[in-house]
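Trainee: I'd like to ask some things about the structure below.
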Amino acid sequence: MMPAYNAEDYIGEAIESILIQVYTDWELIIVNDGSTDGTAEVASAYHDERIRLISQANSGEAAARNTAMGQMAGEYIAFLDADDTYFPHHLNIAMKALHEHSEWDGVYTDGIHIDTSGRELPPLSSRRRGPFQGWLFDKLVWASDVFGPPLCVVIRREKVLARDLWYDPRIVIGPDWDFFLRYAEYATFGYRGEITCKYRIHLTNISLRANQQVKLDSLALCRKKAIQLESFSKCTVETRGFVFYDLLVNLLDGNPVEQDAITRWPQFLELPREEQARLLRLVAGRSMAGGIAPDYPKAWLKRSSMLQPGDRRSLMMSLLLGASPRLAGAILRRRYSRQADSALSSPFSDLLGT
């Protein structure tokens, strides 16, 4: 599948990288998602019966991927955005791996980052955890840096059809992460370490140009959906605790009503008492630093103390909050100001030199 939006500068190179694949039994479905430049004209100039071009009103990445999936007929699904490229052996390596390992429901490879001019940057593996093989749900729930961009992944389409999986159009940042999470819940993956693709980084990458609130809302939705999945309870305590930490402390900061509701979800209450207490203390501290009215932090600290009696940190924070909410907020703001907010930072700022 190739979703394309205003990609006239790069889509020709992307299509040509498919045409030179060693593995030739492929179909390419290009979805022109309301481009206002010459994307459709460039794509339509390629006359190959294996290429299909579909144009639709601009609806976003997830909707474009759903359109492509609805038109697919092949046994496998591969991913190539209109500004990325494959090396000639990409599909061949993936197909060989999946044919040799019937127990694998997907395979992923390594690749390289490139800039707008095609200059090669560090490999995808330099920004990943792993590599991992097998049931990767726990690893993917932690973060999306198992695969990185989807162009390095090939999966079995029958698994997608069996679970009736589609992309969530509400998610602007992270629709691939959400999709792979739901796929990985019932799938296993293999890994091949060859460099098989190029992922282009430029200022029109959606992860760079989306505003901060859109990022927060999308990532929070990914987290909330992951928690509700059946396999979430199979994840390690460390993973489940990290997911709730990221959601409650980073992504929903300043939204005490929703934070409080989530701390009463069954999945939160299934955490060990010490972990619940720690998370309640942390969300209380961040809320105090943000100047949230003291009622919610007081309640969270009270619950934390009940779960972990004798914890001096919760007791000291409660005393400080009771004595002077303004002073408590000032002290905690100083502490949190030293911490980088990774949820909002650009994932490619170092590669781009920004």
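In the structure tokens, chains take letters A, B, ... by order of appearance, with residues numbered from 1 within each chain and ligands from 1 in the order shown.
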Going by DSSP on the backbone, which bits of segment 128-296 of chain A are strand (DSSP E or B)? Write them as a list of chain:residue names, please.

Mentor: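 Here is the list: A:Gly134, A:Val153, A:Val154, A:Ile155, A:Arg156, A:Phe189, A:Gly190, A:Tyr191, A:Arg192, A:Gly193, A:Glu194, A:Ile195, A:Thr196, A:Cys197, A:Lys198, A:Tyr199, A:Arg200.
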
Trainee: Filtering to N, CA and C atoms, could you give me those residues as a tab-separated table (two decimals), in the first residue's frame?

Mentor:
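Writing done, so here's again29.tsv:
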chain	number	residue	atom	x	y	z
A	134	GLY	N	9.32	-13.46	17.75
A	134	GLY	CA	8.29	-14.17	18.49
A	134	GLY	C	7.08	-13.30	18.74
A	153	VAL	N	8.23	-3.64	7.31
A	153	VAL	CA	7.41	-4.75	7.79
A	153	VAL	C	6.60	-5.37	6.65
A	154	VAL	N	6.49	-6.69	6.65
A	154	VAL	CA	5.58	-7.42	5.76
A	154	VAL	C	4.79	-8.40	6.63
A	155	ILE	N	3.46	-8.44	6.47
A	155	ILE	CA	2.61	-9.29	7.29
A	155	ILE	C	1.69	-10.13	6.42
A	156	ARG	N	1.12	-11.17	7.03
A	156	ARG	CA	0.19	-12.04	6.31
A	156	ARG	C	-1.21	-11.41	6.32
A	189	PHE	N	6.39	-12.59	15.07
A	189	PHE	CA	7.23	-11.92	14.07
A	189	PHE	C	8.63	-12.53	14.05
A	190	GLY	N	9.19	-12.53	12.86
A	190	GLY	CA	10.59	-12.85	12.69
A	190	GLY	C	11.36	-11.61	12.28
A	191	TYR	N	12.68	-11.71	12.29
A	191	TYR	CA	13.52	-10.56	11.96
A	191	TYR	C	14.61	-10.98	10.98
A	192	ARG	N	14.89	-10.11	10.03
A	192	ARG	CA	16.01	-10.25	9.13
A	192	ARG	C	16.82	-8.96	9.19
A	193	GLY	N	18.10	-9.07	9.43
A	193	GLY	CA	18.93	-7.90	9.69
A	193	GLY	C	19.44	-7.16	8.47
A	194	GLU	N	19.07	-7.60	7.26
A	194	GLU	CA	19.54	-6.91	6.06
A	194	GLU	C	18.94	-5.50	5.93
A	195	ILE	N	19.70	-4.59	5.35
A	195	ILE	CA	19.21	-3.25	5.01
A	195	ILE	C	18.40	-3.37	3.73
A	196	THR	N	17.09	-3.14	3.80
A	196	THR	CA	16.25	-3.37	2.62
A	196	THR	C	15.42	-2.16	2.20
A	197	CYS	N	15.51	-1.04	2.92
A	197	CYS	CA	14.63	0.08	2.59
A	197	CYS	C	15.24	1.40	3.06
A	198	LYS	N	14.68	2.49	2.54
A	198	LYS	CA	15.13	3.83	2.90
A	198	LYS	C	13.93	4.65	3.38
A	199	TYR	N	14.06	5.21	4.58
A	199	TYR	CA	13.01	6.02	5.17
A	199	TYR	C	13.42	7.48	5.14
A	200	ARG	N	12.65	8.29	4.41
A	200	ARG	CA	13.03	9.68	4.21
A	200	ARG	C	12.50	10.57	5.33

Trainee: Run DSSP on the backbone and give me the residues of segment 171-305 of chain A it puts in alpha helix (DSSP H), as number ranges by chain.

Mentor: A: 175-184, 206-209, 212-228, 237-245, 256-262, 266-269, 273-289, 295-305

Trainee: Please list as JSON, numbers by chain every residue within 10 Å of Val237 of chain A, counting only C-alpha atoms and excluding residues in the same chain fewer than 2 positions away.

Mentor: {"A": [233, 234, 235, 239, 240, 241, 242, 243, 270, 271, 272, 275]}

Trainee: Contacts of Ser117 of chain A at 10 Å or less, counting only C-alpha atoms, minus same-chain residues fewer than 2 places along, as a list in words?

Mentor: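 Here the answer would be Ile114, Asp115, Arg119, Glu120, Arg200, Ile201 and His202 of chain A.
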
Trainee: Could you check the closest approach to Thr116 of chain A for each of A:Ile262, A:Gly290, A:Asp253, A:Asp9 and tell me which residue wins, using only C-alpha atoms?

Mentor: A:Asp9

Trainee: Excluding same-chain residues fewer than 5 positions from segment 26-30 of chain A, what lies within 9 Å of it counting only C-alpha atoms, as a list in words?

Mentor: Met1, Met2, Pro3, Ala4, Ile15, Ile18, Ala43, Glu49, Arg50, Ile51, Arg52, Leu53, Ile54, Ser55, Ala64, Ala68, Met69, Gln71, Met72, Ala73, Gly74, Ala82 and Leu91 of chain A

Trainee: Report the closest atom pair, with its distance in Å rounded to one decimal, for each residue of segment 209-239 of chain A that has an atom no farther than 12 Å from segment 170-177 of chain A; count only C-alpha atoms, sort by chain and then rising residue number, and write it as JSON lines.

Mentor:
{"residue": "A:Arg209", "atom": "CA", "partner": "A:Ile173", "partner_atom": "CA", "distance": 10.3}
{"residue": "A:Ala210", "atom": "CA", "partner": "A:Ile173", "partner_atom": "CA", "distance": 7.9}
{"residue": "A:Asn211", "atom": "CA", "partner": "A:Ile173", "partner_atom": "CA", "distance": 10.2}
{"residue": "A:Gln212", "atom": "CA", "partner": "A:Ile173", "partner_atom": "CA", "distance": 10.4}
{"residue": "A:Gln213", "atom": "CA", "partner": "A:Ile173", "partner_atom": "CA", "distance": 10.7}
{"residue": "A:Val214", "atom": "CA", "partner": "A:Val172", "partner_atom": "CA", "distance": 7.2}
{"residue": "A:Lys215", "atom": "CA", "partner": "A:Ile173", "partner_atom": "CA", "distance": 5.8}
{"residue": "A:Leu216", "atom": "CA", "partner": "A:Ile173", "partner_atom": "CA", "distance": 8.7}
{"residue": "A:Asp217", "atom": "CA", "partner": "A:Ile171", "partner_atom": "CA", "distance": 8.1}
{"residue": "A:Ser218", "atom": "CA", "partner": "A:Ile171", "partner_atom": "CA", "distance": 4.9}
{"residue": "A:Leu219", "atom": "CA", "partner": "A:Gly174", "partner_atom": "CA", "distance": 6.7}
{"residue": "A:Ala220", "atom": "CA", "partner": "A:Ile171", "partner_atom": "CA", "distance": 9.5}
{"residue": "A:Leu221", "atom": "CA", "partner": "A:Ile171", "partner_atom": "CA", "distance": 7.2}
{"residue": "A:Cys222", "atom": "CA", "partner": "A:Gly174", "partner_atom": "CA", "distance": 7.3}
{"residue": "A:Arg223", "atom": "CA", "partner": "A:Trp177", "partner_atom": "CA", "distance": 10.1}
{"residue": "A:Lys224", "atom": "CA", "partner": "A:Ile171", "partner_atom": "CA", "distance": 11.9}
{"residue": "A:Lys225", "atom": "CA", "partner": "A:Ile171", "partner_atom": "CA", "distance": 10.9}
{"residue": "A:Ala226", "atom": "CA", "partner": "A:Trp177", "partner_atom": "CA", "distance": 10.1}

Trainee: Please produce a file of those selected residues containing C-alpha atoms, as a CSV table (one decimal), in the first residue's frame.

Mentor:
chain,number,residue,atom,x,y,z
A,209,ARG,CA,4.4,19.0,11.4
A,210,ALA,CA,1.5,18.0,13.7
A,211,ASN,CA,0.9,20.4,16.5
A,212,GLN,CA,1.6,19.3,20.1
A,213,GLN,CA,-2.0,18.8,21.2
A,214,VAL,CA,-2.7,16.6,18.2
A,215,LYS,CA,0.3,14.5,19.2
A,216,LEU,CA,-0.8,14.2,22.8
A,217,ASP,CA,-4.4,13.3,21.8
A,218,SER,CA,-3.3,10.6,19.3
A,219,LEU,CA,-0.7,9.0,21.5
A,220,ALA,CA,-3.1,9.0,24.5
A,221,LEU,CA,-5.7,7.3,22.3
A,222,CYS,CA,-3.1,4.7,21.3
A,223,ARG,CA,-2.3,4.1,25.0
A,224,LYS,CA,-6.0,3.8,26.0
A,225,LYS,CA,-6.8,1.4,23.3
A,226,ALA,CA,-3.8,-0.8,24.1

Trainee: For segment 100-108 of chain A, please output as a ChimeraX atom specification all residues within 12 Å (counting only C-alpha atoms; exclusion window: fewer than 6 positions along the same chain).

Mentor: /A:75-79,90-94,124-125,130-136,146-160,180,183-197
